[in-house]
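J.: After the structure tokens below, expect a handful of questions from me.
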Amino acid sequence: MPLLVARGLQKSFGPRVLLDGVDLSLEEGRRVGLVGVNGSGKSTLARILATGASSGTDASTELRRRDEDADSGEVILRNGAVVAYLAQEPRFAPGRTAGEVVREGLAAWEAARRRHDEATLVLTEGRGDLDAALAMQAEAATVVEHLGGWDADHVVPAALRALGAPEPDRVVDGMSGGERRRVALARLLVQAPDLAILDEPTNHLDTDAIEQLENWLLTRFRGAVLLVTHDRYLLDRVTDETWELDAGKVHVYDGGWSAYLEAKAERMLLAERQESNRQNFLRKELDWLRRSPSARSTKQKARIGRAHEALAEEGPRRERTASLALQQTRLGKTILELKKVDLTIGGRTLVRQLDFVLQKGDRVGIVGPNGAGKTTLLRAVTGELAPSSGQVVVGPSTRFAYFDQTRSGLVDELSILENVADKKEKLTIGDRTMDVRTYLSRFLFAPDRIREKVGNLSGGERARVRLAQLLLEPANVLLLDEPTNDLDVATLGALEEMLLESDATALVVSHDRYFLDRVCTAILEIDPKGDGTPIRWEGSYDTYRRLKQAREVEQAGREKAMREASKEKSAAETKASTPPKPKAGLSSKEKRELEGLMDAIEAAETRTAELDALLADPTTYAQRSAEVPKLTADRDAAHAEVERLMARWEELEARK
């Protein structure tokens, strides 16, 4: 039996139909990604499924508003199943701490633990209904194991740490939206529901926290997942089924993001072939009809009916895609230079001694933990914030276009048209004049929607309005602060294409690994050592991850070698202070071992030299970068083997 079934879901907001008779089935343990353009109704569908399934369950709902119900249709949940929902804007009772909120997720575990203790007490004392107590103890033990085992207390601080959430004693009232989201996500993860519905869970999470979330969902979470997200790496790694919401209908595809793209392309190609066949059929039949055959037999009337039926069919709806273009102005020789820059906020140094040069065509991704100073760095670049020391040099012809996290520049009380064009019907873009409706259609706004107030739009639609504003102004350096937050994949793809095709120069703060990997030519990592020291890595995000991993493995090997050398030195000093024991001589077995040791040492040294040469060759990192961590570990092991063999030879030689 499926975990959740939806039948005939209908939902409209005025003339806009979001759900048009949607039928769905979600199997137990299934991992589903829900995708679609902004405004297609993904969050609405997620809330309807959570609300409709919440009757009689612990749904952690902030969902009891009437507008979250479907206009018609039903949602059926398997009896006894638990649904948990992560809203984009979580709400908590005032005065609660992060630890208290997350511990709410352990309510079912605590209840099962109490039932187990009560049953155990009855069995220990041998009173009452022992059979019932034994059954209750077994049932409670099963629930406890399912919800995290017998020692679940540690999961609250562990979940908060994993997601980079505030400390357990922090009160949620004063937290930022991102901090509140991480607390709510930690509560849901420890709850371990049968179905987790997650609406944009990665927004405001740094890359480390996203990878922790991935790991948790892949290795520890056993329930089903409905994931509304634009994080394509997360979709590919976690999901095994994709639902696309398009024009009120849901299309179901097997596999994650990559498999969905391939299957969708095949579906669209098939639809185009079918439409081509229909058009060819219509041309032939209409030509036949125009020739007005004299006889109107039953067979001919049936042919006329088929032609009218084919004429009445609707062809496949062409998918709208965003089309973005940057009005670039000429760049000078000096674009942007930071010289020994320190950035200090509230007595804490976020960025320390940063030397940085931005050249034409550089697209530098800025990564680091939340609070490390990524946005602060962009503010220093624009001159909004003065560095505490050092110098920010902006070239005389450099013109910034700043897409900030808050999407500032939008007025909620004004319409899309007023925000972008101030009621003008025509816009001047470079040397062209364009109708404002045509321009806004590039950002996926239909003419009948451009008079909607911006305050009524979804987060992704607001981001598109801000992009439409921003790209009207000539600029030559883009500063993008979390540009992928709330944007649908169609707009993300258009933004990526714009950056690549125009060879734009940009600084990009983002947690979207797919976006960074596709567009960036270098990565600037802020605070990798926890002291504000930045490191620049050339290449894509994937290259940065591989090189960083190789460096960490090498560093770990050096630290291990230093610890072992320290131990050996201490042992040697102890040995030197201990009176020597009389030589015991060598056994026949040890004599044979000593005879072969020099050959073994020579072979180990040869292997060490080969690995050292391989790791010193730059082509290894260019052509075999994925093997670098293992090669480094093998090199460290080979060095250790040489040292072990030498120590053994010295020991046996001394006893001859």
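Ligands are numbered from 1 in the order shown, chains are lettered A, B, ... in the order of the structure tokens, and residues start at 1 in each chain.
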Find the spatial neighbours of Val381 of chain A, counting only C-alpha atoms, within a cut-off of 9 Å - ignore same-chain residues fewer than 6 positions away - and output them as a ChimeraX atom specification.
T.: /A:336,338,392-394
J.: Can those selected residues be exported to a file as a tab-separated table (two decimals), in the first residue's frame so that it contains N, CA and C atoms?
T.:
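Once everything was written out, this is out07.tsv:
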```tsv
chain	number	residue	atom	x	y	z
A	336	LEU	N	39.52	45.44	-10.19
A	336	LEU	CA	39.34	45.43	-8.73
A	336	LEU	C	40.57	44.79	-8.10
A	338	LEU	N	42.29	44.13	-4.08
A	338	LEU	CA	42.25	44.23	-2.63
A	338	LEU	C	43.66	43.97	-2.11
A	392	VAL	N	41.04	48.88	-0.81
A	392	VAL	CA	40.19	48.36	-1.89
A	392	VAL	C	40.31	49.32	-3.06
A	393	VAL	N	40.86	48.84	-4.18
A	393	VAL	CA	41.08	49.68	-5.36
A	393	VAL	C	40.09	49.26	-6.44
A	394	VAL	N	39.19	50.18	-6.83
A	394	VAL	CA	38.22	49.94	-7.89
A	394	VAL	C	38.65	50.73	-9.11
```
J.: Among segment 92-272 of chain A, which ones does DSSP assign to strand (DSSP E or B) (computed from the backbone)? Answer as a list of chain:residue names.
T.: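 Taking segment 92-272 of chain A and keeping strand (DSSP E or B) gives A:Thr97, A:Val171, A:Leu195, A:Ala196, A:Ile197, A:Leu198, A:Asp199, A:Ala224, A:Val225, A:Leu226, A:Leu227, A:Val228, A:Glu241, A:Thr242, A:Trp243, A:Glu244, A:Leu245, A:Asp246, A:Lys249, A:Val250, A:His251, A:Val252, A:Tyr253, A:Asp254.
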J.: Name all residues at most 12 Å from Val357 of chain A (count only C-alpha atoms; drop same-chain ones fewer than 5 positions away) and give them as a ChimeraX atom specification.
T.: /A:333-341,362-364,381,391-395,505,507,522,524,536
J.: Can you tell me how far atom CA of Ser389 of chain A sits from atom CA of Ile345 of chain A, in Å to one decimal?
T.: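 Atom CA of Ile345 of chain A lies at a distance of 12.2 Å from atom CA of Ser389 of chain A.
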J.: Which residues are close to Met1 of chain A, i.e. within 10 Å by only C-alpha atoms, leaving aside same-chain residues fewer than 5 positions away? Reply as a PyMOL selection string.
T.: chain A and resi 25-28+78
J.: Which neighbours of Leu147 of chain A fall inside 10 Å, counting only C-alpha atoms, when residues of the same chain fewer than 6 positions from it are skipped, and could you give them as a list in words?
T.: Leu106, Ala108, Trp109, Glu110, Ala112, Ala141, Val190, Gln191, Ala192, Pro193, Phe221 and Arg222 of chain A
J.: Store the residues picked out above, limited to N, CA and C atoms, as a PDB file, in the first residue's frame.
T.:
```pdb
ATOM      1  N   LEU A 106      11.716  14.820  19.298  1.00  0.00           N
ATOM      2  CA  LEU A 106      11.896  13.542  19.998  1.00  0.00           C
ATOM      3  C   LEU A 106      10.668  13.141  20.808  1.00  0.00           C
ATOM      4  N   ALA A 108       7.885  11.566  20.064  1.00  0.00           N
ATOM      5  CA  ALA A 108       7.469  10.171  19.863  1.00  0.00           C
ATOM      6  C   ALA A 108       8.480   9.215  20.486  1.00  0.00           C
ATOM      7  N   TRP A 109       9.783   9.545  20.381  1.00  0.00           N
ATOM      8  CA  TRP A 109      10.822   8.701  20.993  1.00  0.00           C
ATOM      9  C   TRP A 109      10.664   8.681  22.510  1.00  0.00           C
ATOM     10  N   GLU A 110      10.444   9.844  23.105  1.00  0.00           N
ATOM     11  CA  GLU A 110      10.298   9.922  24.560  1.00  0.00           C
ATOM     12  C   GLU A 110       9.065   9.159  25.032  1.00  0.00           C
ATOM     13  N   ALA A 112       7.701   6.560  23.546  1.00  0.00           N
ATOM     14  CA  ALA A 112       7.996   5.131  23.426  1.00  0.00           C
ATOM     15  C   ALA A 112       8.933   4.679  24.545  1.00  0.00           C
ATOM     16  N   ALA A 141      10.061  -0.989  22.209  1.00  0.00           N
ATOM     17  CA  ALA A 141      11.458  -1.183  21.817  1.00  0.00           C
ATOM     18  C   ALA A 141      11.630  -1.013  20.312  1.00  0.00           C
ATOM     19  N   VAL A 190      15.545  14.940  13.579  1.00  0.00           N
ATOM     20  CA  VAL A 190      15.549  14.066  14.755  1.00  0.00           C
ATOM     21  C   VAL A 190      14.185  13.420  14.960  1.00  0.00           C
ATOM     22  N   GLN A 191      13.149  14.015  14.383  1.00  0.00           N
ATOM     23  CA  GLN A 191      11.812  13.440  14.521  1.00  0.00           C
ATOM     24  C   GLN A 191      11.698  12.118  13.782  1.00  0.00           C
ATOM     25  N   ALA A 192      12.438  11.988  12.670  1.00  0.00           N
ATOM     26  CA  ALA A 192      12.430  10.764  11.861  1.00  0.00           C
ATOM     27  C   ALA A 192      11.014  10.362  11.457  1.00  0.00           C
ATOM     28  N   PRO A 193      10.269  11.227  10.734  1.00  0.00           N
ATOM     29  CA  PRO A 193       8.896  10.893  10.334  1.00  0.00           C
ATOM     30  C   PRO A 193       8.876   9.870   9.207  1.00  0.00           C
ATOM     31  N   PHE A 221      18.338   8.807   7.477  1.00  0.00           N
ATOM     32  CA  PHE A 221      16.893   8.995   7.416  1.00  0.00           C
ATOM     33  C   PHE A 221      16.265   7.855   6.618  1.00  0.00           C
ATOM     34  N   ARG A 222      15.308   7.169   7.211  1.00  0.00           N
ATOM     35  CA  ARG A 222      14.745   5.978   6.581  1.00  0.00           C
ATOM     36  C   ARG A 222      13.405   6.228   5.916  1.00  0.00           C
TER      37      ARG A 222
END
```
J.: Need to verify the contact set: segment 454-467 of chain A, 7 Å, only C-alpha atoms, exclusion of same-chain residues closer than 2 positions in sequence. Can you return it as a count of residues only?
T.: 18
